[in-house]
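Structure data follow from protein_24.txt (compact mmCIF, C-alpha atoms):
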```txt
# COMPACT_ATOMS: atom_id res chain seq x y z
CA MET A 6 19.23 -0.03 -30.55
CA MET A 7 20.00 3.62 -31.24
CA LYS A 8 16.81 3.75 -33.26
CA ILE A 9 14.71 2.52 -30.35
CA PHE A 10 16.32 5.11 -28.10
CA ILE A 11 15.65 8.04 -30.45
CA ILE A 12 12.08 6.90 -31.11
CA ALA A 13 11.36 6.65 -27.41
CA LEU A 14 13.07 9.94 -26.62
CA LEU A 15 11.82 12.25 -29.37
CA ILE A 16 9.44 10.76 -31.89
CA ASN A 17 7.15 8.91 -29.51
CA ASN A 18 7.80 11.09 -26.49
CA VAL A 19 6.10 9.50 -23.53
CA VAL A 20 4.38 12.65 -22.28
CA LEU A 21 3.89 14.77 -25.34
CA MET A 22 2.92 12.14 -27.88
CA ARG A 23 1.48 9.36 -25.77
CA TYR A 24 -0.08 11.18 -22.82
CA ILE A 25 1.48 8.91 -20.22
CA ALA A 26 2.47 10.35 -16.82
CA LEU A 27 0.51 13.55 -17.30
CA CYS A 28 -0.36 13.93 -13.62
CA SER A 29 3.20 14.45 -12.48
CA TYR A 30 3.96 16.39 -15.66
CA ILE A 31 1.37 19.02 -14.73
CA GLY A 32 1.85 18.74 -10.98
CA MET A 33 5.64 18.77 -10.61
CA THR A 34 6.78 21.38 -13.13
CA GLY A 35 6.22 24.44 -10.94
CA GLU A 36 9.96 24.94 -10.57
CA VAL A 37 12.82 23.92 -12.83
CA GLY A 38 14.82 22.33 -9.99
CA GLN A 39 11.88 20.26 -8.89
CA SER A 40 11.17 18.99 -12.38
CA VAL A 41 14.80 17.95 -12.87
CA GLY A 42 14.80 16.06 -9.56
CA MET A 43 11.59 14.29 -10.47
CA GLY A 44 12.84 13.49 -13.96
CA PHE A 45 16.03 11.88 -12.67
CA ALA A 46 14.19 9.96 -9.98
CA VAL A 47 11.84 8.54 -12.61
CA THR A 48 14.76 7.63 -14.87
CA PHE A 49 16.50 5.87 -12.03
CA VAL A 50 13.45 3.88 -10.94
CA THR A 51 12.36 3.01 -14.48
CA VAL A 52 15.71 1.43 -15.28
CA ILE A 53 15.77 -0.49 -11.99
CA ALA A 54 12.16 -1.58 -12.43
CA THR A 55 12.91 -2.85 -15.93
CA ALA A 56 15.96 -4.70 -14.70
CA ALA A 57 13.82 -6.37 -12.03
CA THR A 58 10.59 -7.10 -13.88
CA TRP A 59 12.02 -8.41 -17.16
CA PRO A 60 13.85 -11.40 -15.62
CA LEU A 61 10.95 -11.95 -13.26
CA TYR A 62 8.51 -12.25 -16.15
CA HIS A 63 10.66 -14.37 -18.43
CA PHE A 64 12.27 -16.64 -15.85
CA VAL A 65 9.51 -16.99 -13.26
CA LEU A 66 6.07 -16.12 -14.60
CA VAL A 67 6.39 -17.65 -18.07
CA PRO A 68 7.81 -21.05 -16.97
CA LEU A 69 5.08 -21.30 -14.36
CA GLY A 70 2.37 -20.26 -16.82
CA LEU A 71 1.36 -17.33 -14.65
CA GLU A 72 1.50 -14.56 -17.27
CA PHE A 73 -1.93 -13.33 -16.21
CA LEU A 74 -0.50 -12.23 -12.86
CA LYS A 75 1.70 -9.72 -14.67
CA ILE A 76 -0.18 -6.58 -13.59
CA LEU A 77 -0.39 -7.64 -9.97
CA VAL A 78 3.20 -8.80 -9.68
CA PHE A 79 4.72 -5.83 -11.49
CA ILE A 80 3.04 -3.19 -9.42
CA LEU A 81 3.91 -4.90 -6.16
CA VAL A 82 7.50 -5.42 -7.23
CA ILE A 83 7.86 -1.80 -8.29
CA ALA A 84 6.26 -0.49 -5.10
CA SER A 85 8.48 -2.52 -2.83
CA LEU A 86 11.54 -1.82 -4.97
CA VAL A 87 11.02 1.92 -4.64
CA GLN A 88 10.77 1.51 -0.90
CA LEU A 89 13.99 -0.50 -0.78
CA VAL A 90 15.86 1.95 -2.96
CA GLU A 91 14.69 4.78 -0.75
CA TYR A 92 15.99 3.13 2.42
CA TYR A 93 19.26 2.24 0.73
CA LEU A 94 19.87 5.75 -0.56
CA LYS A 95 18.95 7.32 2.75
CA LYS A 96 21.49 5.23 4.57
CA ASN A 97 24.36 4.90 2.10
CA VAL A 98 24.16 7.70 -0.46
CA PRO A 99 22.79 10.70 1.43
CA GLY A 100 23.83 13.13 -1.32
CA LEU A 101 21.70 11.41 -3.93
CA TYR A 102 18.90 10.95 -1.44
CA ALA A 103 18.83 14.66 -0.73
CA ALA A 104 18.60 15.37 -4.45
CA MET A 105 15.77 13.02 -5.35
CA GLY A 106 14.71 11.16 -2.22
CA ILE A 107 11.56 13.13 -1.62
CA TYR A 108 10.31 12.29 -5.09
CA LEU A 109 10.73 8.55 -4.73
CA PRO A 110 7.52 7.78 -2.81
CA LEU A 111 5.58 9.88 -5.30
CA ILE A 112 6.58 7.80 -8.29
CA THR A 113 5.51 4.41 -7.05
CA THR A 114 2.38 4.77 -9.09
CA ASN A 115 3.81 6.88 -11.90
CA CYS A 116 2.23 5.49 -15.04
CA ALA A 117 5.37 5.90 -17.12
CA ILE A 118 7.27 3.29 -15.12
CA LEU A 119 4.53 0.70 -15.23
CA ALA A 120 3.86 1.40 -18.90
CA VAL A 121 7.50 0.83 -19.82
CA THR A 122 7.66 -2.48 -18.00
CA PHE A 123 4.50 -3.68 -19.77
CA GLU A 124 5.71 -2.53 -23.17
CA ASN A 125 9.03 -4.29 -22.77
CA ILE A 126 7.01 -7.48 -22.46
CA SER A 127 4.42 -6.83 -25.14
CA ASN A 128 7.04 -5.69 -27.67
CA ASN A 129 9.14 -8.81 -27.01
CA TYR A 130 12.28 -6.78 -26.35
CA SER A 131 15.43 -8.56 -25.24
CA PHE A 132 16.87 -7.60 -21.87
CA LEU A 133 19.39 -5.16 -23.29
CA THR A 134 16.85 -3.55 -25.61
CA SER A 135 14.47 -3.21 -22.68
CA ILE A 136 17.05 -1.28 -20.71
CA VAL A 137 17.80 0.99 -23.67
CA TYR A 138 14.08 1.53 -24.21
CA SER A 139 13.48 2.40 -20.57
CA VAL A 140 16.36 4.89 -20.57
CA GLY A 141 14.98 6.46 -23.75
CA VAL A 142 11.44 6.78 -22.43
CA SER A 143 12.49 8.26 -19.12
CA ALA A 144 14.95 10.64 -20.78
CA GLY A 145 12.00 11.77 -22.90
CA TYR A 146 10.02 12.32 -19.72
CA LEU A 147 12.87 14.35 -18.20
CA LEU A 148 13.12 16.42 -21.38
CA ALA A 149 9.39 17.17 -21.43
CA MET A 150 9.44 18.10 -17.73
CA ILE A 151 12.30 20.56 -18.18
CA LEU A 152 10.68 22.09 -21.26
CA LEU A 153 7.36 22.75 -19.52
CA ALA A 154 9.06 23.97 -16.34
CA GLY A 155 10.98 26.49 -18.46
CA VAL A 156 7.83 27.64 -20.20
CA ARG A 157 6.04 27.99 -16.88
CA VAL A 158 8.67 30.41 -15.63
CA ARG A 159 7.88 32.61 -18.63
CA ILE A 160 4.12 32.22 -18.16
CA LYS A 161 4.42 33.47 -14.60
CA ASN A 162 5.81 36.79 -15.84
CA SER A 163 3.39 37.40 -18.67
CA THR A 164 -0.27 38.29 -19.03
CA VAL A 165 -2.40 35.30 -19.91
CA PRO A 166 -5.87 35.69 -21.47
CA LYS A 167 -8.33 35.51 -18.60
CA PHE A 168 -10.20 32.44 -19.84
CA LEU A 169 -6.97 30.45 -20.12
CA ALA A 170 -5.46 31.43 -16.78
CA GLY A 171 -4.45 28.57 -14.50
CA THR A 172 -4.43 25.00 -15.77
CA PRO A 173 -5.76 25.62 -19.30
CA ILE A 174 -2.70 27.65 -20.32
CA LEU A 175 -0.48 24.75 -19.27
CA PHE A 176 -2.30 22.44 -21.64
CA VAL A 177 -2.19 25.02 -24.44
CA SER A 178 1.58 25.36 -23.92
CA THR A 179 1.91 21.58 -23.90
CA SER A 180 -0.03 21.45 -27.12
CA LEU A 181 2.43 23.88 -28.74
CA ILE A 182 5.43 21.93 -27.44
CA ALA A 183 3.85 18.77 -28.84
CA ILE A 184 3.44 20.41 -32.25
CA ALA A 185 7.15 21.23 -32.18
CA PHE A 186 7.92 17.62 -31.30
CA MET A 187 5.94 16.40 -34.29
CA GLY A 188 8.73 17.86 -36.37
CA PHE A 189 10.93 15.01 -35.19
CA SER A 190 8.67 12.40 -36.79
CA GLY A 191 10.67 12.31 -40.03
CA LEU A 192 13.93 11.75 -38.21
CA ILE A 193 13.97 7.98 -38.60
CA LYS A 194 12.59 6.13 -41.58
CA MET B 23 -32.75 6.04 -2.06
CA ASN B 24 -32.49 9.79 -2.07
CA ARG B 25 -29.06 9.62 -0.52
CA LEU B 26 -27.88 7.17 -3.16
CA TRP B 27 -29.11 9.41 -5.97
CA LYS B 28 -27.35 12.38 -4.42
CA GLN B 29 -24.09 10.43 -4.18
CA PHE B 30 -24.49 9.35 -7.80
CA LYS B 31 -24.95 12.94 -8.97
CA GLN B 32 -21.95 14.02 -6.91
CA GLY B 33 -19.57 12.00 -9.08
CA LEU B 34 -21.42 12.68 -12.30
CA ILE B 35 -21.28 16.46 -12.01
CA TYR B 36 -20.26 18.26 -8.84
CA GLU B 37 -17.14 16.24 -8.12
CA ASN B 38 -16.52 15.00 -11.62
CA PRO B 39 -13.13 13.26 -11.43
CA LEU B 40 -11.77 14.71 -14.66
CA LEU B 41 -13.16 18.21 -14.73
CA MET B 42 -13.40 19.08 -11.04
CA LEU B 43 -10.83 16.94 -9.27
CA MET B 44 -8.42 16.83 -12.25
CA ILE B 45 -7.28 13.30 -11.62
CA GLY B 46 -6.90 10.37 -13.99
CA LEU B 47 -5.84 12.58 -16.88
CA CYS B 48 -3.43 10.28 -18.70
CA SER B 49 -5.93 7.79 -20.00
CA ALA B 50 -8.49 10.52 -20.59
CA LEU B 51 -6.44 12.09 -23.33
CA ALA B 52 -4.95 8.97 -24.80
CA VAL B 53 -8.13 7.08 -25.62
CA THR B 54 -10.20 9.99 -26.88
CA THR B 55 -9.21 9.78 -30.51
CA SER B 56 -12.48 7.96 -31.22
CA VAL B 57 -15.84 7.71 -29.49
CA SER B 58 -15.85 3.91 -29.40
CA ASN B 59 -12.47 3.89 -27.64
CA ALA B 60 -13.77 6.41 -25.13
CA ILE B 61 -16.86 4.34 -24.35
CA GLY B 62 -14.78 1.18 -24.01
CA MET B 63 -12.30 2.83 -21.66
CA GLY B 64 -15.07 4.49 -19.65
CA LEU B 65 -16.93 1.24 -19.12
CA ALA B 66 -13.75 -0.68 -18.26
CA MET B 67 -12.93 1.98 -15.72
CA THR B 68 -16.46 1.92 -14.27
CA PHE B 69 -16.29 -1.85 -13.92
CA VAL B 70 -12.99 -1.80 -12.04
CA LEU B 71 -14.11 1.09 -9.87
CA LEU B 72 -17.42 -0.57 -9.01
CA CYS B 73 -15.96 -3.98 -8.17
CA SER B 74 -13.04 -2.58 -6.17
CA GLU B 75 -15.19 -0.19 -4.17
CA VAL B 76 -17.77 -2.82 -3.27
CA MET B 77 -15.09 -5.36 -2.42
CA ILE B 78 -13.09 -2.99 -0.21
CA SER B 79 -16.21 -1.67 1.43
CA ALA B 80 -17.45 -5.16 2.24
CA PHE B 81 -14.14 -6.04 3.88
CA ARG B 82 -13.43 -2.62 5.38
CA LYS B 83 -13.65 -3.88 8.94
CA THR B 84 -11.16 -6.70 8.42
CA ILE B 85 -8.52 -4.75 6.48
CA PRO B 86 -5.87 -3.52 8.94
CA GLU B 87 -5.22 0.15 8.50
CA SER B 88 -1.43 -0.08 8.40
CA ILE B 89 -1.33 -2.31 5.31
CA ARG B 90 -4.45 -1.05 3.55
CA MET B 91 -2.59 0.44 0.57
CA PRO B 92 -1.00 -2.82 -0.64
CA ILE B 93 -4.34 -4.57 -0.17
CA PHE B 94 -6.13 -1.91 -2.23
CA ILE B 95 -3.54 -2.30 -4.97
CA ILE B 96 -3.95 -6.07 -5.07
CA VAL B 97 -7.73 -5.82 -5.30
CA ILE B 98 -7.58 -3.18 -8.03
CA ALA B 99 -4.92 -5.11 -9.95
CA ALA B 100 -7.03 -8.26 -9.83
CA PHE B 101 -10.06 -6.56 -11.35
CA THR B 102 -7.90 -4.77 -13.91
CA THR B 103 -6.48 -8.12 -14.98
CA ILE B 104 -10.01 -9.49 -15.36
CA ILE B 105 -11.14 -6.62 -17.57
CA ASP B 106 -7.89 -6.70 -19.56
CA TYR B 107 -8.25 -10.38 -20.42
CA THR B 108 -12.01 -10.06 -21.04
CA MET B 109 -11.45 -7.27 -23.54
CA GLN B 110 -8.63 -9.14 -25.26
CA ALA B 111 -10.95 -12.11 -25.70
CA TYR B 112 -14.19 -10.43 -26.74
CA PHE B 113 -13.14 -7.06 -28.19
CA PRO B 114 -9.68 -7.70 -29.65
CA ALA B 115 -9.74 -4.66 -31.95
CA LEU B 116 -10.75 -2.29 -29.18
CA SER B 117 -8.24 -3.80 -26.80
CA LYS B 118 -5.47 -3.43 -29.35
CA SER B 119 -6.22 0.22 -30.08
CA MET B 120 -6.16 1.08 -26.38
CA GLY B 121 -2.94 -0.83 -25.88
CA VAL B 122 -1.16 -0.25 -22.62
CA PHE B 123 -3.89 1.96 -21.19
CA ILE B 124 -6.09 -0.88 -19.99
CA PRO B 125 -3.40 -2.32 -17.67
CA LEU B 126 -2.65 1.25 -16.62
CA ILE B 127 -6.12 1.47 -15.03
CA VAL B 128 -4.40 -0.06 -12.03
CA VAL B 129 -2.47 3.13 -11.31
CA ASN B 130 -5.32 5.45 -12.17
CA CYS B 131 -5.61 7.95 -9.36
CA ILE B 132 -9.41 7.99 -9.54
CA ILE B 133 -9.76 4.43 -8.30
CA MET B 134 -7.14 4.67 -5.57
CA GLY B 135 -8.57 8.00 -4.49
CA ARG B 136 -12.15 6.79 -4.25
CA VAL B 137 -11.24 3.56 -2.54
CA GLU B 138 -9.14 5.36 0.04
CA ALA B 139 -11.39 8.36 0.62
CA PHE B 140 -14.77 6.74 0.25
CA ALA B 141 -15.10 2.96 0.09
CA TYR B 142 -12.90 2.28 3.10
CA LYS B 143 -15.32 4.23 5.29
CA GLN B 144 -18.76 3.56 3.81
CA LYS B 145 -21.29 0.75 3.40
CA PRO B 146 -21.29 -1.27 0.16
CA LEU B 147 -24.64 0.01 -1.15
CA ILE B 148 -23.68 3.66 -1.18
CA CYS B 149 -20.35 2.66 -2.73
CA VAL B 150 -22.28 1.29 -5.71
CA ALA B 151 -23.88 4.70 -6.19
CA ASP B 152 -20.53 6.45 -5.78
CA ALA B 153 -18.71 4.13 -8.17
CA LEU B 154 -21.41 4.41 -10.83
CA GLY B 155 -21.47 8.19 -10.48
CA MET B 156 -17.71 8.56 -10.67
CA GLY B 157 -17.34 5.97 -13.43
CA LEU B 158 -20.07 7.41 -15.61
CA GLY B 159 -18.91 10.93 -14.81
CA TYR B 160 -15.52 9.90 -16.18
CA THR B 161 -17.16 8.22 -19.17
CA TRP B 162 -19.28 11.16 -20.30
CA VAL B 163 -16.36 13.58 -20.22
CA LEU B 164 -14.29 11.08 -22.24
CA VAL B 165 -17.07 10.69 -24.78
CA GLY B 166 -17.48 14.47 -24.97
CA ILE B 167 -13.81 15.06 -25.70
CA ALA B 168 -13.71 12.11 -28.10
CA ALA B 169 -16.77 13.34 -30.00
CA ILE B 170 -15.15 16.70 -30.69
CA ARG B 171 -11.82 15.16 -31.66
CA GLU B 172 -13.28 12.46 -33.87
CA LEU B 173 -15.77 14.77 -35.56
CA LEU B 174 -13.21 17.43 -36.43
CA GLY B 175 -10.24 15.16 -36.96
CA ASN B 176 -11.90 12.40 -38.91
CA GLY B 177 -15.41 13.56 -39.84
CA THR B 178 -16.96 10.53 -38.16
CA LEU B 179 -18.71 9.68 -34.89
CA ALA B 180 -18.12 6.19 -33.47
CA GLY B 181 -16.92 5.17 -36.93
CA ILE B 182 -19.99 6.45 -38.82
CA GLN B 183 -19.49 9.20 -41.38
CA VAL B 184 -21.32 12.30 -40.18
CA MET B 185 -19.72 15.22 -41.95
CA PRO B 186 -20.50 15.78 -45.66
CA ASP B 187 -17.91 14.58 -48.16
CA SER B 188 -16.79 18.12 -48.86
CA PHE B 189 -15.50 18.37 -45.27
CA GLN B 190 -11.73 18.21 -45.12
CA PRO B 191 -10.75 16.41 -41.87
CA ILE B 192 -8.53 18.51 -39.61
CA LEU B 193 -5.91 15.92 -38.79
CA PHE B 194 -4.55 18.11 -35.98
CA PHE B 195 -7.36 17.04 -33.65
CA THR B 196 -6.62 13.33 -33.76
CA LEU B 197 -2.93 13.93 -33.12
CA SER B 198 -1.63 14.54 -29.65
CA PRO B 199 -1.35 18.37 -29.72
CA GLY B 200 -5.03 18.57 -30.63
CA GLY B 201 -5.90 16.45 -27.62
CA PHE B 202 -4.09 18.83 -25.30
CA LEU B 203 -5.79 21.84 -26.88
CA VAL B 204 -9.32 20.39 -26.70
CA PHE B 205 -8.74 19.41 -23.10
CA ALA B 206 -7.48 22.91 -22.25
CA LEU B 207 -10.68 24.36 -23.67
CA PHE B 208 -12.78 21.84 -21.74
CA ILE B 209 -11.18 22.86 -18.45
CA SER B 210 -11.52 26.51 -19.32
CA LEU B 211 -15.22 26.07 -20.09
CA ASN B 212 -15.69 24.18 -16.88
CA LEU B 213 -13.95 26.84 -14.78
CA TRP B 214 -16.19 29.45 -16.38
CA LEU B 215 -19.32 27.44 -15.57
CA LYS B 216 -18.14 26.90 -12.03
CA GLY B 217 -17.43 30.62 -11.61
CA ARG B 218 -20.91 31.48 -12.85
CA MET B 219 -22.52 28.92 -10.57
CA GLN B 220 -20.65 30.33 -7.58
CA LYS B 221 -21.55 33.88 -8.56
CA SER B 222 -25.24 33.10 -8.86
CA ALA B 223 -25.16 31.22 -5.55
CA ALA B 224 -23.44 34.21 -3.93
CA ALA B 225 -26.01 36.59 -5.45
CA LYS B 226 -28.84 34.44 -4.10
CA ALA B 227 -27.32 34.43 -0.63
CA GLU B 228 -26.89 38.20 -0.85
CA ALA B 229 -30.53 38.69 -1.82
CA LYS B 230 -31.63 36.49 1.04
CA ASN B 231 -29.50 38.46 3.50
CA GLN B 232 -31.02 41.72 2.31
CA GLU B 233 -34.50 40.27 2.65
CA VAL B 234 -33.76 39.23 6.19
CA ALA B 235 -32.31 42.64 6.95
CA ALA B 236 -35.35 44.38 5.49
```

Would you encode the structure as structure tokens?
Amino acid sequence: MMKIFIIALLINNVVLMRYIALCSYIGMTGEVGQSVGMGFAVTFVTVIATAATWPLYHFVLVPLGLEFLKILVFILVIASLVQLVEYYLKKNVPGLYAAMGIYLPLITTNCAILAVTFENISNNYSFLTSIVYSVGVSAGYLLAMILLAGVRVRIKNSTVPKFLAGTPILFVSTSLIAIAFMGFSGLIK
Amino acid sequence: MNRLWKQFKQGLIYENPLLMLMIGLCSALAVTTSVSNAIGMGLAMTFVLLCSEVMISAFRKTIPESIRMPIFIIVIAAFTTIIDYTMQAYFPALSKSMGVFIPLIVVNCIIMGRVEAFAYKQKPLICVADALGMGLGYTWVLVGIAAIRELLGNGTLAGIQVMPDSFQPILFFTLSPGGFLVFALFISLNLWLKGRMQKSAAAKAEAKNQEVAA
């Protein structure tokens, strides 16, 4: 269990090693605060989405022989779930809503969430393992977001070679962060 | 006919989804470790884009505006499921190496973006041109990135040995940091080209103005 968590968090980091959820990674790391809010919102929704889709797949779709509807069902469930969570938070937990509410609509189609729910199925994880895996993946996402947001603060105050200015320097920085993360690969045998 | 060709070129070059609009990046980097993966992904994407655009465009008058998003998602998800199962059946090796990225076509911003911005407002025929342009525009950039990464990282192209035996493969390029670096250089090159194109267009306009003034 711990192994799955560490692998998902560091060794197979969702953004840096597997290129999932790059759009929000590049788009939402302009400020550190923003990236933290986004990271927590994704963590929150990923865990909820896993908790909803895993039983749905194993107790509804499989007995009915409807596995092929997986893509369709998952994305609809996640989209409506995000909407529900948003309404609930707005009404009952305004503090939390203020912190991450604005990010919730943005992550309906975040690839990381959908990818985790599919992988839980294709890897045949049990329910508990699925939850651990989804926490690990989204913590990895949060970590990568904070790292790049920190680097971007430094980039803002330094001279960048002209041909790399703008988006290219972000990818070069990401490449360097990814090299650093490769050092984790020996962590678990 | 002319209009269709123009729309086709729009996606292929001027509004290339990856290089110009910078959308749909996730899959672009993940599948470009080999040329065959890139071609497979590009064609799968083109198929889903084409079918969804034509379908939405054909029914654009009957889809109520307030619930169009869920309907788009259902249509896209249906075609993604079709391509996912087709690839699993006929190209199991390819499907396995692309893993979760085939189902993830469903949340690819390119498709949603084109369906929303283009297909919902246009006739089916021009949607075919748009989808083919966008899809193939996506494919050629994927193949370009993949060719560099596979050649340098593995010494092969689409699985065929190209480099001489003395060439030591630079493993860096097939690993994820290499992907980020190659992509950064691709964007940089593209920005440079775009800047030059704008400059020459501006120079032309300037010359024309002077001519008129003279």

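Minimum atom-to-atom distance to Ser210 (chain B), evaluated using only C-alpha atoms, belongs to A:Val177 out of A:Ala26, A:Val177, A:Leu133, A:Val82.
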
inquiry  = Quick check: residues of chain A within 6 Å of chain B, only C-alpha atoms, returned as an NGL selection string.
reply    = :A and (22 or 24-25 or 27 or 77 or 114 or 173 or 176-177 or 180 or 183-184)

key: Nearest to Lys161 (chain A) by atom-to-atom distance, counting all atoms listed in the file, from A:Phe186, A:Glu36, A:Tyr138, A:Ile112   = A:Glu36

query = How far is it from CA of Met42 (chain B) to CA of Ser74 (chain B), in Å with one decimal?
reply = 22.2 Å

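The coordinates place CA of Leu71 (chain B) at 13.7 Å from CA of Leu147 (chain B).
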
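When the distance limit is 12 Å and all atoms listed in the file are what count, the residues near region 88-102 of chain A, minus those fewer than 2 positions from it on the same chain, are Gly42, Phe45, Ala46, Phe49, Val50, Ile53, Ala54, Leu81, Val82, Ile83, Ala84, Ser85, Leu86, Ala104, Met105, Gly106, Ile107, Tyr108, Leu109, Pro110, Leu111, Ile112 and Thr113 of chain A.
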
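Each of A:Ile182, A:Val140, A:Leu21, A:Ala170 was compared to Gly155 (chain A) using all atoms listed in the file, and A:Ile182 turns out to be the nearest.
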
Determine the axis-aligned bounding box of all atoms of region 24-42 of chain B present in the file, pad each side by 8 Å, and express its centre and edge lengths in Å to one decimal place as lines of an AutoDock Vina configuration file.
```
center_x = -22.1
center_y = 13.1
center_z = -7.6
size_x = 36.7
size_y = 27.9
size_z = 30.2
```

ask   = So which residues fall inside 7 Å of (-11.8, -3.4, -22.2) if we count all atoms listed in the file? Mind giving them as a ChimeraX atom specification?
value = /B:62-63,66,105-106,108-109,117,124

request  = Do a neighbour search on Gly191 (chain A) at 12 Å with all atoms listed in the file, toss out local chain neighbours closer than 3 positions, and write the hits as a list in words.
outcome  = Ile11, Ile12, Leu15, Ile16, Asn17, Phe186, Met187, Gly188 and Lys194 of chain A

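Taking CA of Gly159 (chain B) and CA of Lys31 (chain B) as endpoints, the distance between them is 8.6 Å.
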
query = Using only C-alpha atoms, which of the listed residues (A:Met7, A:Ile174, A:Ile118, A:Ile31) sits closest to Thr58 (chain A)?
reply = A:Ile118

May I have the protein, DNA and RNA residues with any atom at most 10 Å from the point (-16.9, 11.1, -29.0), counting all atoms listed in the file, written as an mmCIF file with C-alpha atoms, in the coordinates of the input?
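What ended up in result26.cif:
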```cif
data_model
loop_
_atom_site.group_PDB
_atom_site.id
_atom_site.type_symbol
_atom_site.label_atom_id
_atom_site.label_comp_id
_atom_site.auth_asym_id
_atom_site.auth_seq_id
_atom_site.Cartn_x
_atom_site.Cartn_y
_atom_site.Cartn_z
ATOM 1 C CA THR B 54 -10.200 9.990 -26.880
ATOM 2 C CA THR B 55 -9.210 9.780 -30.510
ATOM 3 C CA SER B 56 -12.480 7.960 -31.220
ATOM 4 C CA VAL B 57 -15.840 7.710 -29.490
ATOM 5 C CA SER B 58 -15.850 3.910 -29.400
ATOM 6 C CA ASN B 59 -12.470 3.890 -27.640
ATOM 7 C CA ALA B 60 -13.770 6.410 -25.130
ATOM 8 C CA ILE B 61 -16.860 4.340 -24.350
ATOM 9 C CA TRP B 162 -19.280 11.160 -20.300
ATOM 10 C CA VAL B 163 -16.360 13.580 -20.220
ATOM 11 C CA LEU B 164 -14.290 11.080 -22.240
ATOM 12 C CA VAL B 165 -17.070 10.690 -24.780
ATOM 13 C CA GLY B 166 -17.480 14.470 -24.970
ATOM 14 C CA ILE B 167 -13.810 15.060 -25.700
ATOM 15 C CA ALA B 168 -13.710 12.110 -28.100
ATOM 16 C CA ALA B 169 -16.770 13.340 -30.000
ATOM 17 C CA ILE B 170 -15.150 16.700 -30.690
ATOM 18 C CA ARG B 171 -11.820 15.160 -31.660
ATOM 19 C CA GLU B 172 -13.280 12.460 -33.870
ATOM 20 C CA LEU B 173 -15.770 14.770 -35.560
ATOM 21 C CA THR B 178 -16.960 10.530 -38.160
ATOM 22 C CA LEU B 179 -18.710 9.680 -34.890
ATOM 23 C CA ALA B 180 -18.120 6.190 -33.470
ATOM 24 C CA GLY B 181 -16.920 5.170 -36.930
#
```

task = Please provide the set of residues having any atom within 10 Å of Ile78 (chain B), restricted to all atoms listed in the file, with same-chain residues fewer than 5 positions apart removed, written as a PyMOL selection string.
result = chain B and resi 73+83-85+90+93-94+97-98+137-138+140-146+149

N, CA and C atoms restored at region 82-94 of chain A, emitted as a compact mmCIF listing (two decimals), keeping the file's coordinate frame:
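Generated output (part-v5.txt):
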```
# COMPACT_ATOMS: atom_id res chain seq x y z
N VAL A 82 6.04 -5.43 -7.17
CA VAL A 82 7.50 -5.42 -7.23
C VAL A 82 8.02 -3.98 -7.29
N ILE A 83 7.39 -3.18 -8.14
CA ILE A 83 7.86 -1.80 -8.29
C ILE A 83 7.67 -1.03 -6.97
N ALA A 84 6.51 -1.23 -6.33
CA ALA A 84 6.26 -0.49 -5.10
C ALA A 84 7.28 -0.85 -4.02
N SER A 85 7.54 -2.15 -3.88
CA SER A 85 8.48 -2.52 -2.83
C SER A 85 9.91 -2.15 -3.20
N LEU A 86 10.21 -2.21 -4.50
CA LEU A 86 11.54 -1.82 -4.97
C LEU A 86 11.83 -0.36 -4.65
N VAL A 87 10.84 0.49 -4.91
CA VAL A 87 11.02 1.92 -4.64
C VAL A 87 11.30 2.13 -3.16
N GLN A 88 10.56 1.39 -2.34
CA GLN A 88 10.77 1.51 -0.90
C GLN A 88 12.19 1.11 -0.51
N LEU A 89 12.64 -0.01 -1.08
CA LEU A 89 13.99 -0.50 -0.78
C LEU A 89 15.05 0.51 -1.21
N VAL A 90 14.89 1.00 -2.43
CA VAL A 90 15.86 1.95 -2.96
C VAL A 90 15.91 3.17 -2.07
N GLU A 91 14.74 3.60 -1.60
CA GLU A 91 14.69 4.78 -0.75
C GLU A 91 15.48 4.56 0.54
N TYR A 92 15.26 3.41 1.18
CA TYR A 92 15.99 3.13 2.42
C TYR A 92 17.49 3.07 2.17
N TYR A 93 17.85 2.40 1.04
CA TYR A 93 19.26 2.24 0.73
C TYR A 93 19.93 3.60 0.53
N LEU A 94 19.29 4.44 -0.27
CA LEU A 94 19.87 5.75 -0.56
C LEU A 94 19.99 6.59 0.71
```
